[in-house]
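Heads up, the thing below is written out as structure tokens.
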Amino acid sequence: MIGEDLGTVPDYVRPSLRSLGIAGFKIPQWEFYHGRVTPGSEYERISVATYATHDHKPIRALWRDAFGHPTSTSDQSRFELEKIAKFSGFERQTDPIDFEKHFYPAMMEALFKCESWIAVVMITDLLARKYRFNVPGTAAHTNWTRRMQRSVEELRSSRRERARMQLIRELLEKSGRI
């Protein structure tokens with residue numbers, strides 16, 4: 001069981017969930033207290049860590065907004081990515097940072113290494129996709145209608161996706177989550 005403790009909740013909610021043995025969420029870019037991103041090693045064991053829920057932009061979309069196609073939310077996207085980078089122990093580089101080669105492996109490894117009982121990755125983050133299934137606060141007819149663009153068989157036939165899943169498997173093994 002997971003308790004909904006995201007956003008602004010009364011002070012008693014998280015301690016009450018813990019006392020009942022109910023896991024709460026840990027979203028690394030939101031675990032920012034006293035001027036620092038909370039390291040995954042400090043997460044309570046009875047928690048579920050994830051970078052995003054159905055209400056968030058996928059990480060690849062944040063990257064696109066921050067570095068690819070500037071939008072009105074580019075500064076916010078950059079801020080979110082900086083917090084994920086700090087959580088991941090990712091150091092700023094003077095060379096251009098490649099999402100696939102540098103950032104993706106670092107952020108996935110950090111999530112899997114955290115102390116949370118469960119680490120969950122949205123399918124869009126797992127596959128490094130930009131599209132969303134839901135845009136909260138809208139009554140758009142497109143919410144909850146999007147489907148994966150490729151079948152599992154098509155994903156399996158892709159050398160790139162097989163390499164990504166091999167990386168994920170290695171990171172899961174390294175973290176002891178397999």
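Every chain in the structure tokens has a letter given in the order shown (A, B, ...), and although residue numbers restart at 1 in each chain, ligands are simply numbered from 1 in the order shown.
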
Distance query Gly21 (chain A) at most 8 Å, only C-alpha atoms, self and fewer than 3 positions along chain excluded, as a list in words: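 Near Gly21 (chain A), the qualifying residues are Leu17, Arg18 and Ile46 of chain A.
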
Residue neighbourhood Ile123 (chain A), 10 Å, only C-alpha atoms, exclusion window fewer than 4 positions, as JSON, numbers by chain: {"A": [58, 127, 128, 129, 148]}

For the residues in the current selection, export C-alpha atoms as a PDB file, in the first residue's frame.
```
ATOM      1  CA  PRO A  58       8.801  12.683 -18.530  1.00  0.00           C
ATOM      2  CA  LEU A 127      12.188   4.269 -22.668  1.00  0.00           C
ATOM      3  CA  ALA A 128      13.343   7.932 -22.644  1.00  0.00           C
ATOM      4  CA  ARG A 129      10.231   9.207 -24.393  1.00  0.00           C
ATOM      5  CA  MET A 148       2.663   3.419 -26.655  1.00  0.00           C
TER       6      MET A 148
END
```

Spatial neighbours of Arg64 (chain A), 12 Å, only C-alpha atoms, chain gap at least 4 places, as a ChimeraX atom specification: /A:57-60,68-71,73-75,77-78,81,98-99,128-131

Keeping only N, CA and C atoms, write the selected residues to a file as an mmCIF file, in the first residue's frame.
```cif
data_model
loop_
_atom_site.group_PDB
_atom_site.id
_atom_site.type_symbol
_atom_site.label_atom_id
_atom_site.label_comp_id
_atom_site.auth_asym_id
_atom_site.auth_seq_id
_atom_site.Cartn_x
_atom_site.Cartn_y
_atom_site.Cartn_z
ATOM 1 N N LYS A 57 5.881 15.708 -16.309
ATOM 2 C CA LYS A 57 6.500 15.548 -17.618
ATOM 3 C C LYS A 57 7.550 14.446 -17.498
ATOM 4 N N PRO A 58 7.693 13.628 -18.536
ATOM 5 C CA PRO A 58 8.801 12.683 -18.530
ATOM 6 C C PRO A 58 10.143 13.421 -18.505
ATOM 7 N N ILE A 59 11.166 12.764 -17.993
ATOM 8 C CA ILE A 59 12.487 13.398 -17.875
ATOM 9 C C ILE A 59 12.991 13.856 -19.241
ATOM 10 N N ARG A 60 12.770 13.060 -20.273
ATOM 11 C CA ARG A 60 13.232 13.438 -21.615
ATOM 12 C C ARG A 60 12.527 14.706 -22.087
ATOM 13 N N GLY A 68 16.636 21.674 -25.672
ATOM 14 C CA GLY A 68 16.378 21.449 -27.091
ATOM 15 C C GLY A 68 15.526 22.508 -27.741
ATOM 16 N N HIS A 69 14.333 22.678 -27.205
ATOM 17 C CA HIS A 69 13.377 23.636 -27.757
ATOM 18 C C HIS A 69 12.889 24.521 -26.622
ATOM 19 N N PRO A 70 13.542 25.658 -26.417
ATOM 20 C CA PRO A 70 13.154 26.523 -25.292
ATOM 21 C C PRO A 70 11.662 26.864 -25.312
ATOM 22 N N THR A 71 11.077 26.800 -24.127
ATOM 23 C CA THR A 71 9.667 27.122 -23.959
ATOM 24 C C THR A 71 9.535 28.060 -22.769
ATOM 25 N N THR A 73 8.535 27.226 -20.040
ATOM 26 C CA THR A 73 8.867 26.462 -18.832
ATOM 27 C C THR A 73 10.321 25.982 -18.816
ATOM 28 N N SER A 74 11.151 26.502 -19.711
ATOM 29 C CA SER A 74 12.548 26.055 -19.795
ATOM 30 C C SER A 74 13.302 26.240 -18.483
ATOM 31 N N ASP A 75 13.130 27.378 -17.815
ATOM 32 C CA ASP A 75 13.838 27.613 -16.555
ATOM 33 C C ASP A 75 13.408 26.613 -15.487
ATOM 34 N N SER A 77 12.181 23.604 -16.049
ATOM 35 C CA SER A 77 12.708 22.300 -16.457
ATOM 36 C C SER A 77 14.178 22.174 -16.088
ATOM 37 N N ARG A 78 14.951 23.234 -16.334
ATOM 38 C CA ARG A 78 16.376 23.239 -15.980
ATOM 39 C C ARG A 78 16.558 23.072 -14.475
ATOM 40 N N LEU A 81 15.860 19.451 -13.553
ATOM 41 C CA LEU A 81 16.975 18.612 -13.995
ATOM 42 C C LEU A 81 18.210 18.806 -13.120
ATOM 43 N N ASP A 98 25.439 14.629 -22.967
ATOM 44 C CA ASP A 98 24.539 13.839 -23.798
ATOM 45 C C ASP A 98 23.555 13.122 -22.885
ATOM 46 N N PHE A 99 22.273 13.276 -23.169
ATOM 47 C CA PHE A 99 21.245 12.657 -22.330
ATOM 48 C C PHE A 99 21.435 11.156 -22.241
ATOM 49 N N ALA A 128 12.855 6.589 -22.288
ATOM 50 C CA ALA A 128 13.343 7.932 -22.644
ATOM 51 C C ALA A 128 12.474 8.593 -23.711
ATOM 52 N N ARG A 129 11.179 8.577 -23.474
ATOM 53 C CA ARG A 129 10.231 9.207 -24.393
ATOM 54 C C ARG A 129 9.819 10.573 -23.850
ATOM 55 N N LYS A 130 9.329 11.428 -24.753
ATOM 56 C CA LYS A 130 8.932 12.790 -24.379
ATOM 57 C C LYS A 130 7.432 12.942 -24.186
ATOM 58 N N TYR A 131 6.659 12.040 -24.738
ATOM 59 C CA TYR A 131 5.214 12.232 -24.730
ATOM 60 C C TYR A 131 4.593 11.896 -23.375
#
```

Nearest candidate to Asn134 (chain A) (options A:His34, A:Arg92, A:Arg156, A:His56; using only C-alpha atoms): A:His56

Filtered DSSP result for region 73-107 of chain A, state helix (DSSP H, G or I), as number ranges by chain: A: 74-88, 99-107

Two-atom distance - CA of Tyr51 (chain A), CA of Glu154 (chain A) (Å): 25.8 Å

For CA of Arg146 (chain A) and CA of Asp125 (chain A), the interatomic separation in Å (one decimal):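 Computed distance, CA of Arg146 (chain A) to CA of Asp125 (chain A), equals 15.4 Å.
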
For Leu171 (chain A): contacts at 8 Å, only C-alpha atoms, fewer than 4 positions along chain excluded, given as an MDAnalysis selection string: chainID A and resid 108:109 112 167 175

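You will find CA of Glu91 (chain A) at 11.7 Å from CA of Met107 (chain A).
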
Best match for closeness to Gln76 (chain A) among A:Lys101, A:Ser88, A:Arg169, A:Gln29, counting only C-alpha atoms: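 Checking each candidate against Gln76 (chain A), we get A:Gln29 as the closest.
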
Contacts of Pro15 (chain A) within 12 Å, only C-alpha atoms, excl. fewer than 6 positions in-chain, as a list in words: Gly3, Asp5, Val9, Gly21, Ile22, Ala23, Gly24, Glu44 and Ile46 of chain A

Report as an mmCIF file with C-alpha atoms, in the first residue's frame: the residues of region 12-152 of chain A with a DSSP assignment of strand (DSSP E or B), based on the backbone of this structure.
```cif
data_model
loop_
_atom_site.group_PDB
_atom_site.id
_atom_site.type_symbol
_atom_site.label_atom_id
_atom_site.label_comp_id
_atom_site.auth_asym_id
_atom_site.auth_seq_id
_atom_site.Cartn_x
_atom_site.Cartn_y
_atom_site.Cartn_z
ATOM 1 C CA ALA A 23 4.899 3.789 2.245
ATOM 2 C CA GLY A 24 4.888 7.342 0.961
ATOM 3 C CA PHE A 25 6.426 8.698 -2.225
ATOM 4 C CA LYS A 26 9.938 10.064 -2.645
ATOM 5 C CA PHE A 32 14.798 19.363 -1.241
ATOM 6 C CA TYR A 33 15.213 20.502 2.348
ATOM 7 C CA ARG A 36 20.013 20.608 -0.425
ATOM 8 C CA VAL A 37 18.613 17.695 -2.361
ATOM 9 C CA SER A 47 8.929 4.591 0.721
ATOM 10 C CA VAL A 48 8.508 4.395 -3.030
ATOM 11 C CA ALA A 49 11.003 6.377 -5.107
ATOM 12 C CA ILE A 118 10.557 0.172 -4.197
ATOM 13 C CA ALA A 119 11.938 2.211 -7.100
#
```

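For Arg164 (chain A), the non-local neighbours within 10 Å, defined as residues at least 4 positions apart in the same chain or in other chains and counting only C-alpha atoms, are Glu100, Tyr104, Pro105, Leu126, Leu127, Ala128, Ser158, Arg159, Arg160, Ile168, Arg169 and Glu170 of chain A.
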
Can I get the selection written as a short mmCIF file (atom, residue, chain, number, x, y, z; two decimals), in the first residue's frame, with N, CA and C atoms?
```cif
data_model
loop_
_atom_site.label_atom_id
_atom_site.label_comp_id
_atom_site.auth_asym_id
_atom_site.auth_seq_id
_atom_site.Cartn_x
_atom_site.Cartn_y
_atom_site.Cartn_z
N GLU A 100 21.52 10.48 -23.39
CA GLU A 100 21.60 9.02 -23.43
C GLU A 100 22.89 8.49 -22.82
N TYR A 104 21.12 9.91 -18.49
CA TYR A 104 20.18 8.81 -18.28
C TYR A 104 20.78 7.71 -17.39
N PRO A 105 21.98 7.21 -17.70
CA PRO A 105 22.54 6.16 -16.83
C PRO A 105 22.75 6.63 -15.39
N LEU A 126 11.52 5.12 -18.60
CA LEU A 126 12.30 3.92 -18.88
C LEU A 126 12.77 3.92 -20.33
N LEU A 127 11.87 4.28 -21.25
CA LEU A 127 12.19 4.27 -22.67
C LEU A 127 12.68 5.62 -23.19
N ALA A 128 12.85 6.59 -22.29
CA ALA A 128 13.34 7.93 -22.64
C ALA A 128 12.47 8.59 -23.71
N SER A 158 14.55 -3.46 -31.71
CA SER A 158 15.39 -2.28 -31.80
C SER A 158 16.70 -2.47 -31.05
N ARG A 159 17.80 -2.36 -31.72
CA ARG A 159 19.12 -2.49 -31.08
C ARG A 159 19.28 -1.45 -29.96
N ARG A 160 18.80 -0.26 -30.22
CA ARG A 160 18.91 0.82 -29.23
C ARG A 160 18.12 0.48 -27.95
N ILE A 168 19.65 -1.07 -18.01
CA ILE A 168 18.73 -1.12 -16.86
C ILE A 168 18.95 -2.40 -16.07
N ARG A 169 19.07 -3.52 -16.76
CA ARG A 169 19.31 -4.80 -16.08
C ARG A 169 20.60 -4.74 -15.26
N GLU A 170 21.67 -4.21 -15.86
CA GLU A 170 22.95 -4.11 -15.16
C GLU A 170 22.83 -3.21 -13.93
#
```

Nearest-residue call for Lys86 (chain A), choices A:Thr145, A:Ser151, A:Thr38, A:Ser19, using only C-alpha atoms: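 Of the candidates, the smallest distance to Lys86 (chain A) is held by A:Thr38.
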
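Between Thr53 (chain A) and the candidates A:Lys174, A:His102, A:Lys113, A:Arg132, the tightest atom-to-atom separation, counting only C-alpha atoms, involves A:Arg132.
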